[in-house]
Amino acid sequence: MTIESIAQQGTEEADEAISSAGSYWIVFASLVSLTVLTVWVSYADFGQANIVIAVFIASIKALLVALFFMHLRHGNQFHSLAFVSAFLFLALFMLLTHDDLRTRGEMDPFYGGTVTPRSGQAAPGGEPESAATADMVPVAKVVP
Amino acid sequence: MEVVDIGVSSVNPGHADAEAGGNYLTARRGLRSWLLTLDHKRIGLMYLAMIVLAFFVGGVFALLIRIELFSRGRTIVDAETYHRFFTLHGSIMIFLFIIPSIPAALGNFFLPIMIGAKDVAFPKLNLTSYYVYLAGAAIVVGSVIIGAVDTGWTFYTPYSVQSSGAVVPMTLGVFVLGFSSILTGLNFMVTVHTMRAPGLTWTRLPLFVWGMYATALIQVLATPVLAITLLLLAAERVLGIGIFDPKLGGDPILFQHFFWFYSHPAVYIMIVPGMAVVSELIATFTRRAIFGYFAVAMSSIGLAVLGFLVWGHHMFAAGMSEFGTMLFSALTFLVAIPSGVKVFNWIATIYKGSVVWASPMLYAMGFIYLFTIGGLTGLFLGALSTDIHLTDTYFVVAHFHYVMMGGTVMGFLGGLLYWWPKITGKMHDEKVAKVGFVFVFLGFNVTFLPQFVMGSRGMMRRYYDYRPEFQIFHRVSTVGSWILAVGLLVTAYVLLDAVWRGRRAPRNPWGSAGFEWMTESPPCVSNFRNTPVITRGPYDYHLASPEELATGWEEVSADEDAGK
Amino acid sequence: MTNASEPVVATANMERQHDRPESRPAFLAHHFSSPAQQLGAAKLGMWIFIATEILMFGGLFCAYSVLRGTDPEIFNVAHHFLSKPLGAANTIVLLFSSLTAALAVRSSQLGQRNATSAYLIATLSCACVFLVIKYLEYSHKIHLGLLPGHCFGHPWFSAATHDGHGVGTCLRVDMDAAPMMPEWVRAVDETGKIRLLPPRANMFFGLYFMMTGLHGLHVLVGIGILSWVLVKNRAGAFSKAYYTPVDLGALYWHLVDLVWIYLFPLLYLVGKPE
């Protein structure tokens, strides 16, 4: 390894690839089409799936912007890693916070034990119904 | 060292500090040359001055807290003021002192030197982040004057929404400080990626640099969530949006989720740099390569990543779902592993090394001992069943002081003493530094060991008054705080005294193989006279030449005898 | 493996650009050794910054998801008070501005100064259109009293009528008074229908204003950044060899667009359709 090649190692970036203007317009047309699609779908009722579809379409749009407009497809891996990691850590935050909120229980004074407010079913973990709760004065049942 | 200068280009007027001769301290003089400097070394020193000031102010509050707790009931202040004391102690120590401490002071100074670069990737951003830090500090101080906050540094809702203290200015100040942290982290990451000297592969990086990189990773990923948390808290307080208020359909525990998603990784921002310094100290003072270099490097990254998974362990008794608590408890055990990897590798390095008991090495040993205690007590707190009894007691207080003070501050002081000859070109009085260490170590243990005991017996944290059976523990702890204060003042004296009256230090007073010791003390403005080409690792004592490892004390003594 | 006696610091004999000042371009900062290194560092720095912004906005999206999880009713009704046509228009405007920003970078890479200026002006115009539409939306909501927290349904805003309960002062000055929450508020939605907003609908609007407000702030900053880039471009600072600020300004703008791509469906398009 000559000193010159050591000097070149690792710090140089390849010349930036230049996309054609046409490719940008095609991406733009796709983005507009997806926007029209997502607005159109929002007028139909798919129940819970509405938000899933909306986020899915939004993610495709985001991917198009990131890959083409922001040049992620040109290959610098660390840029892509930074971008994806941000979403991953965000997903981690949302996942664990939701997990807490979803499984939180309340004391069901009528039957004892803890139940999740939404479904009325037993909340995971915690004390099973025991003599300790047997003396509790029943009040109006928790309405899910 | 040869003084052949490769010459920094004079075509670029932007970095006007650059000069052919002298060192970074003498190159340009005058207040403006410091306040508008782009030299990472000067910026590091300016940070150091503020950080030490913050440590002093936070320390004064600590002493006041301990004086108040010396006796039951009112000793010097009432309960309201006491709440303000511990809030300020916590906020100042965490946001103004310990989070910036090693990265902004020592990291700024040594990261570029250790990778053979002339500066960080974005020198102007570096200076900007310093002024952002100053602005944040000013806002925090201002908020103290307007109406000191008494919520505890954690600003839990609903009290922080209702409290009459100046919560919004305080959170605004912390918000601004967060940006200083983010910009520093961003700068360090880009510097390590793009500005390594020729031949410096990732596997030859000094462990201090790995530590700074891992810290930067956490700073960049976690601090933005703190920013949004504080914005939401301010909106809650000013507008009453209701997201944290159960009466309005919100959830106070949601605030805790938001807050601890940053603040748990923040504690790794605090400790990983301390560990990074200790790796350097142990390698130099045992004159060996760190055992398991790659494992230690990866454990820094491991701490950075795993630290994001465990924030719920601060909320076991807050009202989180039981399933959530079980999940977080299990994940918390995972995060103990990388710390263990480091401790075992350090011990393996010391075993059969040629140990020199210089004062930095004493601090490194103090770190290992105290951090291990702190880390092991963390396991008691991570285990769900024991945490129910220990949470919010003095056991927690003792745990985090063992890791943050017995850990990071030991690393910080050890790093300062280690690198002081390089920074100032002067050698400090080792004997007095060792005396300082004895007082610090002794004082620290006397202060915080009793707190484990009283915590496990039920003494709650942040309480103004307490039951009679705890009085003896509090008194011992307070006396310990005075011993600790003496030790810290002695150490500060040693460092300042060296600047004025210290012996001139040679290039490599400790005989280390580290890259930063290959340039003169203090370094020239561009760090190295000639761009280094790296052909060995920083701990490869068997590959380093005798010239590189020569301490240079003989020349210094000869010069002194000749009256130079 | 190298010889043990070889020094780690080699006296430089390398042909690096900083050896020869005359070959060093003016835009190359002193601490970088080549333009490629400088560009690489700048782009990496920008991408890390983008990651931090994603996490910051992400916190708000998390708050959104939490509120949606606990109170979906609010979303089903309140979203009718957001104008889908205006929101969609804003989306198209931002997407177009992203296109022109990307084209600006491209023309800068090709050294086409005038085309770059034209595209930057187009981007800035779209940004201003976005802010104008935002202003229209905000003023409509303020008029109706659909505001966050305590300001919700405030008597100052006459178009909202409410069944009895006062809501106290808009900004919190009275620490001890518990905030009165409007129970049901009758208000006129975007299509002119009068709807009943459920209790705690003010939380939706709180989130709406915080999310779009923070986004709007970023748009403003983006206008500042791109204006500065435009000024420098017209002064001839950029060329085929050095277009980094255009690149970074456009990256920031794409980030602003990205956030809106998610904001639009989550705020405007979800909830039960008629």
# chains A, B, ... in the order shown; residues from 1 in each chain; ligands from 1
>>> interface_residues(of="chain B", to="chain C", cutoff="8 Å", atoms="only C-alpha atoms", output="number ranges by chain")
B: 6-12, 14-15, 117-121, 162-164, 186-187, 190-191, 193-195, 220-222, 224-225, 227-229, 236-243, 248-250, 258, 518, 530-536, 542-546, 548
>>> residues_around(residues="Phe333 in chain B", least_positions_apart="5", cutoff="10 Å", atoms="only C-alpha atoms", output="PyMOL selection string")
chain B and resi 310+328+378-379+382-383
>>> write_last_selection(atoms="C-alpha atoms", output="mmCIF file, in the first residue's frame")
data_model
loop_
_atom_site.group_PDB
_atom_site.id
_atom_site.type_symbol
_atom_site.label_atom_id
_atom_site.label_comp_id
_atom_site.auth_asym_id
_atom_site.auth_seq_id
_atom_site.Cartn_x
_atom_site.Cartn_y
_atom_site.Cartn_z
ATOM 1 C CA VAL B 310 -35.126 0.329 28.655
ATOM 2 C CA PHE B 328 -38.872 -3.255 30.485
ATOM 3 C CA GLY B 378 -28.682 -0.801 39.154
ATOM 4 C CA LEU B 379 -29.604 -4.447 38.856
ATOM 5 C CA GLY B 382 -33.915 -3.096 37.275
ATOM 6 C CA ALA B 383 -35.425 -6.153 38.867
#
>>> closest_residue(among="A:Ala29, A:Leu72, A:Leu92, A:Ala82", to="chain C", atoms="only C-alpha atoms")
A:Ala82
>>> select_by_dssp(residues="range 23-123 of chain C", states="helix (DSSP H, G or I)", output="PyMOL selection string")
chain C and resi 23+35-70+72-81+84-109+113-123
>>> write_last_selection(atoms="C-alpha atoms", output="short mmCIF file (atom, residue, chain, number, x, y, z; two decimals), in the first residue's frame")
data_model
loop_
_atom_site.label_atom_id
_atom_site.label_comp_id
_atom_site.auth_asym_id
_atom_site.auth_seq_id
_atom_site.Cartn_x
_atom_site.Cartn_y
_atom_site.Cartn_z
CA SER C 23 -4.07 24.38 -6.41
CA PRO C 35 -13.56 19.06 -2.23
CA ALA C 36 -14.91 15.51 -2.29
CA GLN C 37 -14.14 15.14 1.41
CA GLN C 38 -15.85 18.45 2.14
CA LEU C 39 -18.97 17.56 0.17
CA GLY C 40 -19.10 14.11 1.75
CA ALA C 41 -18.87 15.59 5.22
CA ALA C 42 -21.51 18.22 4.48
CA LYS C 43 -24.00 15.70 3.12
CA LEU C 44 -23.42 13.29 5.99
CA GLY C 45 -23.97 16.12 8.44
CA MET C 46 -27.22 17.07 6.71
CA TRP C 47 -28.50 13.49 6.77
CA ILE C 48 -27.77 13.17 10.48
CA PHE C 49 -29.64 16.43 11.00
CA ILE C 50 -32.54 15.03 8.97
CA ALA C 51 -32.56 12.01 11.27
CA THR C 52 -32.86 14.30 14.29
CA GLU C 53 -35.76 16.17 12.70
CA ILE C 54 -37.56 12.91 11.96
CA LEU C 55 -37.25 11.98 15.62
CA MET C 56 -38.47 15.36 16.78
CA PHE C 57 -41.58 15.36 14.61
CA GLY C 58 -41.93 11.70 15.40
CA GLY C 59 -42.59 12.57 19.01
CA LEU C 60 -45.63 14.52 17.90
CA PHE C 61 -46.77 11.63 15.73
CA CYS C 62 -46.48 9.42 18.78
CA ALA C 63 -48.67 11.81 20.75
CA TYR C 64 -51.13 11.73 17.86
CA SER C 65 -51.22 7.96 17.83
CA VAL C 66 -51.76 7.84 21.57
CA LEU C 67 -54.67 10.24 21.36
CA ARG C 68 -56.17 8.33 18.48
CA GLY C 69 -55.86 5.16 20.47
CA THR C 70 -57.67 6.51 23.49
CA PRO C 72 -60.98 7.81 18.21
CA GLU C 73 -64.35 9.54 18.38
CA ILE C 74 -62.69 12.92 18.41
CA PHE C 75 -60.90 12.18 15.18
CA ASN C 76 -63.98 10.85 13.47
CA VAL C 77 -65.81 14.11 13.99
CA ALA C 78 -63.11 16.75 14.22
CA HIS C 79 -61.47 15.99 10.92
CA HIS C 80 -64.54 17.37 9.16
CA PHE C 81 -63.38 20.75 10.35
CA LYS C 84 -59.61 18.37 2.48
CA PRO C 85 -59.34 20.43 -0.71
CA LEU C 86 -57.04 22.96 0.91
CA GLY C 87 -54.97 20.20 2.49
CA ALA C 88 -54.68 18.35 -0.80
CA ALA C 89 -53.77 21.57 -2.55
CA ASN C 90 -51.03 22.15 0.01
CA THR C 91 -49.78 18.64 -0.59
CA ILE C 92 -49.56 19.13 -4.33
CA VAL C 93 -47.89 22.50 -3.85
CA LEU C 94 -45.24 21.01 -1.58
CA LEU C 95 -44.67 18.04 -3.85
CA PHE C 96 -44.17 20.40 -6.77
CA SER C 97 -41.77 22.50 -4.72
CA SER C 98 -39.80 19.34 -3.95
CA LEU C 99 -39.61 18.66 -7.67
CA THR C 100 -38.32 22.14 -8.41
CA ALA C 101 -35.83 21.87 -5.55
CA ALA C 102 -34.47 18.62 -6.98
CA LEU C 103 -34.29 20.21 -10.42
CA ALA C 104 -32.46 23.18 -8.90
CA VAL C 105 -29.81 20.85 -7.50
CA ARG C 106 -29.56 19.12 -10.85
CA SER C 107 -29.06 22.33 -12.79
CA SER C 108 -26.50 23.44 -10.20
CA GLN C 109 -24.62 20.18 -10.69
CA ARG C 113 -26.71 29.25 -12.95
CA ASN C 114 -29.83 30.80 -14.42
CA ALA C 115 -31.82 27.57 -14.43
CA THR C 116 -30.86 27.04 -10.80
CA SER C 117 -32.13 30.49 -9.88
CA ALA C 118 -35.37 29.87 -11.76
CA TYR C 119 -36.00 26.59 -9.99
CA LEU C 120 -35.15 28.08 -6.61
CA ILE C 121 -37.60 30.92 -7.23
CA ALA C 122 -40.24 28.36 -8.18
CA THR C 123 -39.60 26.48 -4.93
#
>>> closest_residue(among="B:Thr215, B:Thr372, B:Ser321, B:Thr201", to="chain A", atoms="only C-alpha atoms")
B:Ser321
>>> decode(residues="range 31-118 of chain A", atoms="C-alpha atoms", output="short mmCIF file (atom, residue, chain, number, x, y, z; two decimals), in the first residue's frame")
data_model
loop_
_atom_site.label_atom_id
_atom_site.label_comp_id
_atom_site.auth_asym_id
_atom_site.auth_seq_id
_atom_site.Cartn_x
_atom_site.Cartn_y
_atom_site.Cartn_z
CA LEU A 31 -46.48 11.36 -6.20
CA VAL A 32 -49.46 13.34 -7.46
CA SER A 33 -51.22 10.15 -8.53
CA LEU A 34 -50.69 8.64 -5.10
CA THR A 35 -52.04 11.81 -3.49
CA VAL A 36 -55.18 11.60 -5.64
CA LEU A 37 -55.48 7.92 -4.71
CA THR A 38 -55.19 8.52 -1.02
CA VAL A 39 -57.79 11.30 -1.07
CA TRP A 40 -60.13 9.11 -3.10
CA VAL A 41 -59.73 6.16 -0.71
CA SER A 42 -60.50 8.40 2.24
CA TYR A 43 -64.02 8.84 0.96
CA ALA A 44 -64.64 5.09 1.15
CA ASP A 45 -65.24 3.37 4.44
CA PHE A 46 -62.85 0.55 5.18
CA GLY A 47 -63.18 0.96 8.92
CA GLN A 48 -59.95 0.41 10.76
CA ALA A 49 -58.13 -0.22 7.52
CA ASN A 50 -58.51 3.40 6.46
CA ILE A 51 -55.62 4.61 8.52
CA VAL A 52 -53.47 1.65 7.55
CA ILE A 53 -54.03 2.34 3.87
CA ALA A 54 -53.39 6.04 4.34
CA VAL A 55 -50.11 5.48 6.15
CA PHE A 56 -49.09 2.85 3.61
CA ILE A 57 -49.64 5.19 0.68
CA ALA A 58 -47.90 8.01 2.56
CA SER A 59 -44.93 5.72 3.13
CA ILE A 60 -44.67 4.94 -0.56
CA LYS A 61 -44.68 8.65 -1.30
CA ALA A 62 -42.05 9.23 1.37
CA LEU A 63 -39.92 6.47 -0.10
CA LEU A 64 -40.16 8.01 -3.58
CA VAL A 65 -39.10 11.41 -2.26
CA ALA A 66 -36.25 9.90 -0.25
CA LEU A 67 -34.95 7.61 -2.98
CA PHE A 68 -35.22 9.94 -5.94
CA PHE A 69 -35.41 13.55 -4.82
CA MET A 70 -33.04 13.05 -1.90
CA HIS A 71 -30.72 10.80 -3.92
CA LEU A 72 -30.71 7.88 -1.51
CA ARG A 73 -30.77 5.49 -4.43
CA HIS A 74 -27.33 6.71 -5.50
CA GLY A 75 -25.87 4.48 -2.92
CA ASN A 76 -24.24 6.13 0.07
CA GLN A 77 -25.18 3.52 2.59
CA PHE A 78 -24.67 5.58 5.68
CA HIS A 79 -27.18 8.17 4.55
CA SER A 80 -29.77 5.45 4.08
CA LEU A 81 -28.83 3.99 7.45
CA ALA A 82 -29.28 7.35 9.18
CA PHE A 83 -32.67 7.81 7.53
CA VAL A 84 -33.95 4.34 8.30
CA SER A 85 -32.56 4.33 11.84
CA ALA A 86 -34.50 7.44 12.70
CA PHE A 87 -37.72 5.68 11.73
CA LEU A 88 -36.69 2.51 13.53
CA PHE A 89 -36.03 4.28 16.80
CA LEU A 90 -39.26 6.21 16.41
CA ALA A 91 -41.10 2.96 15.82
CA LEU A 92 -39.50 1.53 18.95
CA PHE A 93 -40.70 4.50 20.98
CA MET A 94 -44.25 4.28 19.63
CA LEU A 95 -44.39 0.52 19.97
CA LEU A 96 -43.39 0.28 23.59
CA THR A 97 -45.46 3.29 24.63
CA HIS A 98 -48.52 1.85 22.95
CA ASP A 99 -47.84 -1.51 24.46
CA ASP A 100 -48.07 0.11 27.86
CA LEU A 101 -51.24 2.00 27.05
CA ARG A 102 -52.93 -0.95 25.45
CA THR A 103 -52.32 -3.35 28.30
CA ARG A 104 -53.02 -1.00 31.12
CA GLY A 105 -55.62 -2.32 33.47
CA GLU A 106 -58.07 -0.92 35.93
CA MET A 107 -59.43 -2.54 39.01
CA ASP A 108 -62.77 -4.02 38.26
CA PRO A 109 -64.38 -3.57 41.64
CA PHE A 110 -67.41 -5.61 40.75
CA TYR A 111 -65.64 -8.82 39.89
CA GLY A 112 -62.17 -8.09 41.25
CA GLY A 113 -58.93 -8.37 39.36
CA THR A 114 -57.71 -5.99 36.70
CA VAL A 115 -59.39 -5.57 33.35
CA THR A 116 -58.47 -3.55 30.29
CA PRO A 117 -60.98 -0.72 30.08
CA ARG A 118 -61.70 -1.14 26.40
#
